[in-house]
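S.K.: Before anything else, here's the structure in question.
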Amino acid sequence: MQALGFILRRVLLLVVVLFAVSVLTFAIVNVLPGDVATAVLGDMATPDQVLAVRKTLGLDQPLAERYLRWLLGVLQGDFGRSLQHGQPIGPILMGRLGNSAILGLITLAIAAPLAVALGVMAALKPGGVLDRVIGGIAVGAYALPEYVIGLFGILAFSIWWPVLPGSSLMDPNENPLARPEALILPIGVLITGMLAFISQVTRASMIQVMGSAYIRTAVLKGVPRWRVVMKHAMPNLLPPTIAEIGMYFGYVIGGLVVVETLFSYAGLGQLVTNAVSYRDVPVIQAVVLIVAAAYGIGNLLADVAALLMNPRLRS
Amino acid sequence: MTVMSKIEPPVLAVRDLSISYGPLQAVRGVSFSIAPGEAMGLIGESGSGKSSVAYAVMRYIKGQASGEVHVAGQDVMALSEQALGKLRGRTAAMVYQDPMSALNPAIKVGEQIAEAIRLHGRIGKALAWKRGVALLERVHLPRPAEIAHRYPHQLSGGQQQRVVIAMALACDPQLLIMDEPTTGLDVTTEAVILDLVNELRRETGVAVLFISHNMGVVAQVCDRVGVLYAGQLIEEGTTEQVLRQPRHPYTVALMRAMPAIDGPRRRLAAIPGRLPDLRSPPPGCIFTPRCAMATAECESRMPDLANSSGGGHRSRCHYRDEVALRLPPEPLVAEVQLVEARQERPRLQIIAVSKQFRARPALPFMRGPAPVRAVDDVTLDIPPGRTLAVVGESGSGKSTLARCVAGLIVPEDGAIRLENEVLDPLVQKRGRAAQQAVQFVFQNPDAALNPHWTVAEIVGRPMRLYGGQGEGKALRHRIIEQLEAVKLGERYLDLYPREMSGGEKQRVSIARAFAGRPRLVICDEPTSALDISVQAAILNELLALQRENGTSYLFISHDLGVVRHVAHEVAIMRHGRIVESGPPAAVFGDPREEYTRNLIAAIPTLERREAAPALLTA
Amino acid sequence: MTLSRFPNLILPRRGLLGGAMALGGAAVAGLPTRAGYAQSGVAPRKGGVLRFCRPDPPDMLDPMQTNSFSGMEFGQMVYDNLVTLDDKAQPTPQLATEWTAEKGGQEWVVTIREGVKFHSGDTLTSADVVATIERSMDRSRAGAGLGCFGPVAAVSAEGPHKIRVAMTMPFGEFPVVLAYRACRILPAKGIDSLRDTPNGTGPFKFKDFQPGASITMERNPDYWNPDVLHLDGVRMVFIREAVAMQAAIRGGQVDLITQIPLETYLTMRNARGFKAYSAPTGDYHTIQIMANMDPFKNAKVREAFQYIPDRKAIVASALFGQGVPGNDVVLPPGSFYLPELPVIDQDLPRAKKLLEEAGVSNLTIDAYTTSDRQPAPKMILAFSEAAAKIGVTVRVRDIPYTEYAANVARKMPMYSSYFSGSATLYDAIYKIHHSKGIYNYGNTEVAPGLDGKLDAMIAEVDTARRKEIAADVLRLLQRHSDRMVPYFRNYVGVTSDKVQGFQPPKYGTIETRGTWLSA
């Protein structure tokens with residue numbers, strides 16, 4: 001089947017991309033001024049101390065050799081040890097990956113359909129009151145970075161009107177679903193950012209779809225309005241929108257980093273901001289690799305979904 | 001038929017219909033009716049309001065409408081939304097131009113038909129599907145049960161249009177509204193669709209409102225014809241009456257602007273001027289400014305749509321009975337002898353050119369379809385000052401060939417030789433002289449003209465680029481001269497493309513092409529996006545420019561009538577190969593190949609064809 | 001130290017923790033009982049877990065190697081020192097019960113408390129203390145704690161509960177050094193794997209570390225001094241964002257936030273249900289003007305720079321008043337060792353004149369600082385603005401801390417740096433100003449004879465005489481130092497009203513002994 005071949009080729013490409021990503025991250029992190037030794041020891045450290053730490057951590061080895069050793073490890077499923085914490089990275093990652101996934105997936109699960117619904121509603125009467133309200137909010141939310149939205153959320157809902165915990169404050173191995181109230185603000189912030197973009201993209205495509213000749217055909221066939229929207233417009237609206245959402249996956253991940261840090265949510269984002277400030281290369285490598293893989297897979301899934309929903313591409 | 005229509009109540013009665021879009025009065029006081037089983041054609045050029053009328057019948061209007069529309073006795077303008085939903089698709093159904101976009105790409109065609117049946121017939125899914133399949137069979141689609149499961153993109157244009165027709169027939173409507181149903185289809189496909197429409201009319205007795213700009217097409221289907229101009233019905237009568245003895249100067253001009261495939265070759269009549277401003281239509285006859293026989297009365301008083309002497313033939317002209325006398329026929333065109341031109345060295349030689357296309361896959365990393373031989377070993381040449389027309393249906397490779405000559409596409413094989421010089425396959429690598437020598441006129445002037453440049457800049461650029469035509473005042477003079485050669489004046493100098501009509505833009509394109517004094521101009525369907533009257537003018541100007549400058553044309557077209565009018569030599573192209581070539585008189589008068597014969601037979605002329613030509617499997 | 005000298009000192013709005021109580025000091029008994037950790041009156045309630053929130057997680061859990069306050073605070077809960085300091089910064093027993101100087105401070109004998117157990121169950125003996133001190137002398141194993149026990153030459157056990165420490169030179173402050181935050185007593189067994197398996201004698205046992213997120217500790221039921229142990233456990237959590245931190249304490253998810261920006265303190269200090277603390281410390285920022293690099297090799301240029309900043313204005317603008325002006329010596333006002341010194345104030349004409357004398361004109365220099373160490377950039381900026389008035393161009397270069405640590409410290413002529421207060425002259429002055437001191441970044445003897453005076457100061461066992469030498473040293477340093485000390489900052493922190501017995505830390509790390517939670 002053609003679709004299967006397509007998926008296979010894409011998976012292969014993903015592997016190549018991941019390899020490139022790992023080389024790039026390794027290079028970039030090592031080009032940054034300072035390494036884990038200076039980061040851990042601080043400005044008061046003597047050059048002797050720095051050298052000693054570098055030696056114990058193996059940072060005195062040539063770059064290529066360090067990369068190769070890391071790569072061999074990864075191929076055997078061993079991400080190495082955190083330079084900062086001295087602990088194996090695998091277990092550190094597992095709980096956090098799950099937490100981030102929960103945050104990201106809940107966001108997607110709520111925001112994607114909601115955004116599409118809002119976009120469709122706005123598009124049914126372009127220029128109408130609903131459209132203007134949705135559009136206005138969207139522009140505002142899109143213009144503000146998550147960081148600002150998050151701070152505002154904390155101020156509004158946990159300081160001025162304290163109804164929600166302003167901090168999710170949890171351990172990596174804790175199940176975030178056990179405390180749903182702690183999820184509301186972070187998810188709310190992510191959703192706000194996502195709604196803004198996707199609803200407007202959906203609106204634009206929906207207006208285009210509703211203006212197309214086949215919608216006219218349906219109307220003049222005597223199809224009731226709701227059925228025109230649901231049966232005739234939606235199947236044409238969804239594939240490009242889903243692909244669009246797939247492209248947006250990277251934004252969600254970027255948002256996760258900000259939101260997790262802001263809300264002390266124990267996910268990959270929080271881990272990686274820490275790791276970057278400590279130049280904890282193996283942790284950065286592992287997280288970047290996972291994020292790249294998640295982005296690639298998310299994109300692939302969206303493309304496959306769009307592919308399967310679009311008869312033109314399916315055959 | 002005419003007798004019956006007087007007894008039975010009409011299926012469609014339009015009374016005093018006016019439609020305006022804001023200040024624009026698109027349709028004014030149009031009245032006509034269609035009897036059961038009758039087919040009425042509405043002819044008009046763009047801006048005539050014919051589509052507005054068609055959609056008003058379904059009350060699908062974006063603007064403001066007044067007047068009355070009765071379909072099968074129901075007052076469409078007064079219906080509730082719900083009742084309107086019942087009328088649409090059941091009592092009256094539509095067939096559209098461009099079936100590809102009229103069909104929902106995401107729904108199986110069987111379902112699109114069955115949906116209409118279920119909606120109006122309240123029957124079960126399985127039964128509706130079965131009926132849908134039966135309808136597909138009814139419109140002569142092969143293996144209908146299988147086709148029902150396909151999506152629109154898996155069907156050819158002709159098949160798609162048959163699906164649209166089947167969908168329209170789903171609930172046995174009393175009225176079928178067909179809006180340019182064959183425009184954009186190949187001529188052979190068009191013939192098949194027209195035959196199908198005629199067959200369905202015979203067998204189901206459905207009444208038809210047929211919208212078209214093509215008189216030949218209307219002649220194939222309609223009993224009666226109305227002619228719309230600038231929102232008014234200016235002539236109405238039987239097909240025979242209107243198309244054979246038109247009683248309105250506009251209709252006359254329209255007929256004379258149509259390049260015919262047969263009969264003596266006459267000069268094409270261009271209608272001067274353009275549509276009046278419909279925001280403030282003149283009080284008198286709306287055609288006055290463009291009419292060759294207008295009088296002071298025409299300017300002051302609007303003529304009624306009244307019967308002329310020949311019974312039931314109405315015309316909105318004060319001199320309706322004198323039209324034929326007052327407008328003598330266009331002069332005949334002298335046939336050029338190609339023989340003497342043959343003696344010279346060809347201006348352009350296309351030598352064994354081949355080009356394959358590997359289509360891009362739908363998504364990156366998907367396998368693309370097998371490569372297509374777009375141009376397959378084509379050898380042709382054009383004498384100086386002569387026109388070679390390459391004719392073919394869509395996908396025949398004619399445009400690819402033109403682009404190879406222009407150096408926009410690099411062929412895998414073969415050579416392009418301009419007089420003594422072999423041209424580099426890529427235009428960027430050609431010398432300035434070679435670039436100057438070969439110019440291009442495209443089908444769509446909108447895409448070809450820089451929207452941010454004025455006409456003076458557009459036309460002046462090649463003059464400056466290739467030099468030798470002066471600077472400053474002298475250059476400006478040259479630009480005006482060039483514009484006058486395409487019937488545009490000094491007042492166009494500072495206009496931008498968006499401020500001009502399609503015909504004017506195409507004239508600017510031509511002026512630009514000739515600005516560098518080329519030796520060869522490639523015209524790729526230069527008139528197919530234009531109205532017939534504008535087309536006539538453009539063709540006339542192309543011919544005049546050729547006579548003056550001795551330019552050679554490589555003329556690409558799908559329209560055999562146009563080709564017959566302009567070409568000194570014709571090459572019929574199919575699947576990338578030249579099927580037949582020779583002077584038009586020979587190719588059209590005595591075609592050697594069956595394909596050519598079928599192509600010619602398929603052309604809708606004013607003569608109604610009785611049976612479907614063989615072979616046509618669109 | 002009296003209150004009157006700290007007009008800006010803010011004390012908790014309410015609660016029993018009075019300044020006089022905390023600073024006035026209680027009599028010190030042989031054992032550090034609850035009194036040593038303040039609080040009186042109400043009997044402490046037992047139980048509850050203190051949720052302790054700070055911005056950054058520890059760089060590592062090894063209490064000697066760690067370079068972060070986070071790690072040191074952790075160390076203070078899980079480990080004990082040999083001594084702890086009273087309010088006059090004098091040593092009182094913790095794991096040591098007695099200490100005596102021999103050979104004029106060249107050697108020290110310390111008696112170790114009996115019956116103390118590590119969390120692993122092993123009993124504390126002199127071998128553990130010896131192993132700890134030896135590790136601090138080992139360049140490859142000590143980490144940030146290198147040399148933390150002072151100029152030790154050798155250490156040996158004298159029986160299971162007594163050690164003898166031989167110094168490389170007479171060292172009078174040895175007992176005070178023992179309270180230093182790097183000098184936690186480690187177990188000899190597994191001493192080099194404490195990063196992964198913390199094991200101390202302290203009031204709290206390590207339970208769980210979620211890197212980057214939290215550390216959980218539980219009460220050590222066998223703690224040798226149960227009088228100071230009230231809590232069932234401590235949970236350290238890390239929140240980077242100040243606003244999130246504030247939200248967490250306001251939402252009741254944490255009980256205590258520390259190392260907070262001044263802005264948080266200022267907004268929280270009037271909030272209901274919370275106690276906000278602002279108390280003087282020995283923590284200070286410096287402007288390093290490196291005596292081993294141009295243009296500061298010329299002492300006159302250094303002197304000129306001293307007269308550029310308006311210290312009071314900087315305290316007001318950069319610290320919002322939560323601190324005191326510095327006088328270019330490293331001891332805070334009120335310090336026991338501080339002599340009467342001339343007050344250095346902004347004097348631009350004098351600075352200009354000094355520069356002219358030094359033959360320096362049109363001076364342009366980059367001053368490096370990092371926003372990760374607030375409010376240093378504000379201070380540098382204020383300096384730059386003042387300098388501009390006398391034609392000295394100071395370009396402020398604000399760079400990330402990691403880059404700063406790698407490329408600026410010790411390598412650039414002018415940059416801001418941060419020091420936390422120390423109880424000993426050894427840490428506060430000697431290590432920083434002796435040309436061989438590890439924090440003398442330029443390895444320069446800024447004034448002739450300074451090294452000799454510093455050696456004498458450290459060797460002196462007698463406190464009064466030591467104070468005299470110190471005064472001499474400080475006068476010298478004020479005139480010649482290669483660092484300016486524009487201000488000392490206050491400690492600021494916030495707890496919920498439930499937290500009792502909390503004392504603003506004087507030397508950087510928070511003491512949880514004696515802290516309890518009311519119902």
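So you can find residues: chains in the structure tokens are A, B, ... in the order shown, residues in each start at 1, and ligands are numbered from 1 in order.
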Hey, which bits of chain C sit within 6 Å of chain A, and for each residue what's the closest pair of atoms and how far apart in Å (one decimal), counting only C-alpha atoms, rows by chain and increasing number, as JSON lines?
M.R.:
```
{"residue": "C:Asp59", "atom": "CA", "partner": "A:Gln84", "partner_atom": "CA", "distance": 6.0}
{"residue": "C:Met60", "atom": "CA", "partner": "A:His85", "partner_atom": "CA", "distance": 5.7}
{"residue": "C:Asn67", "atom": "CA", "partner": "A:Leu41", "partner_atom": "CA", "distance": 5.7}
{"residue": "C:Ser140", "atom": "CA", "partner": "A:Ala52", "partner_atom": "CA", "distance": 6.0}
{"residue": "C:Ala213", "atom": "CA", "partner": "A:Asp171", "partner_atom": "CA", "distance": 5.9}
{"residue": "C:Ile239", "atom": "CA", "partner": "A:Ser264", "partner_atom": "CA", "distance": 5.6}
{"residue": "C:Glu241", "atom": "CA", "partner": "A:Leu262", "partner_atom": "CA", "distance": 5.8}
{"residue": "C:Ala244", "atom": "CA", "partner": "A:Ser167", "partner_atom": "CA", "distance": 5.7}
{"residue": "C:Ala247", "atom": "CA", "partner": "A:Gly166", "partner_atom": "CA", "distance": 4.7}
{"residue": "C:Ala248", "atom": "CA", "partner": "A:Ser167", "partner_atom": "CA", "distance": 5.3}
{"residue": "C:Gly251", "atom": "CA", "partner": "A:Pro165", "partner_atom": "CA", "distance": 5.7}
{"residue": "C:Thr402", "atom": "CA", "partner": "A:Ala39", "partner_atom": "CA", "distance": 5.2}
{"residue": "C:Glu403", "atom": "CA", "partner": "A:Pro33", "partner_atom": "CA", "distance": 5.0}
{"residue": "C:Ala405", "atom": "CA", "partner": "A:Asp43", "partner_atom": "CA", "distance": 4.2}
{"residue": "C:Ala406", "atom": "CA", "partner": "A:Gly34", "partner_atom": "CA", "distance": 4.6}
{"residue": "C:Ala409", "atom": "CA", "partner": "A:Asp43", "partner_atom": "CA", "distance": 5.4}
```
S.K.: Would you save the residues of that selection, restricted to C-alpha atoms, as a CSV table (one decimal), in the first residue's frame?
M.R.:
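result_25.csv, freshly written:
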```
chain,number,residue,atom,x,y,z
C,59,ASP,CA,24.0,20.9,42.3
C,60,MET,CA,24.7,17.7,44.3
C,67,ASN,CA,28.8,24.6,45.8
C,140,SER,CA,40.4,15.5,43.9
C,213,ALA,CA,12.1,18.8,41.7
C,239,ILE,CA,10.5,26.8,42.2
C,241,GLU,CA,9.9,31.6,39.2
C,244,ALA,CA,5.2,30.9,41.1
C,247,ALA,CA,1.7,31.7,44.4
C,248,ALA,CA,2.8,28.4,46.1
C,251,GLY,CA,-1.8,28.8,48.1
C,402,THR,CA,27.4,30.1,33.5
C,403,GLU,CA,29.3,32.1,31.0
C,405,ALA,CA,31.6,31.7,35.8
C,406,ALA,CA,33.6,30.3,32.9
C,409,ALA,CA,35.7,35.4,37.1
```
S.K.: Tell me as number ranges by chain which residues belonging to chain B come within 8 Å of chain A, counting only C-alpha atoms.
M.R.: B: 58, 60, 84-90, 93-94, 101-107, 116, 119, 151, 153, 168, 362-363, 365-367
S.K.: Among segment 269-474 of chain C, which residues does DSSP mark as helix (DSSP H, G or I) when it is run on the backbone? Keep the chain and numbering as in the structure and answer as a ChimeraX atom specification.
M.R.: /C:299-306,311-318,348-358,376-388,401-407,425-433,450-459,463-474
S.K.: Hey, what's within 10 Å of Asn30 of chain A if we count only C-alpha atoms and toss same-chain stuff fewer than 6 positions away? As an MDAnalysis selection string, please?
M.R.: chainID A and resid 24 63 279 281
S.K.: With only C-alpha atoms as the counted atoms, please give the residues lying no more than 6 Å from His161 of chain C, apart from itself and same-chain residues fewer than 5 positions off, as a ChimeraX atom specification.
M.R.: /C:111-112,125-126
S.K.: So which bits of segment 224-262 of chain C end up strand (DSSP E or B) when you DSSP the backbone, as a list in words?
M.R.: Gly233, Val234, Arg235, Met236, Val237, Phe238, Leu256, Ile257 and Thr258 of chain C
S.K.: Tell me which protein, DNA and RNA residues are within 6 Å of Val372 of chain B, counting only C-alpha atoms, leaving out same-chain ones fewer than 2 positions away, and put them as a list in words.
M.R.: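 Everything that qualifies: Gln356, Phe357 and Ala374 of chain B.
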S.K.: Go ahead and save the residues from that selection, with C-alpha atoms, as a short mmCIF file (atom, residue, chain, number, x, y, z; two decimals), in the first residue's frame.
M.R.:
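File produced: selection_5.cif:
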```
data_model
loop_
_atom_site.label_atom_id
_atom_site.label_comp_id
_atom_site.auth_asym_id
_atom_site.auth_seq_id
_atom_site.Cartn_x
_atom_site.Cartn_y
_atom_site.Cartn_z
CA GLN B 356 8.81 13.80 -19.98
CA PHE B 357 7.16 14.81 -16.75
CA ALA B 374 4.20 15.28 -22.57
#
```
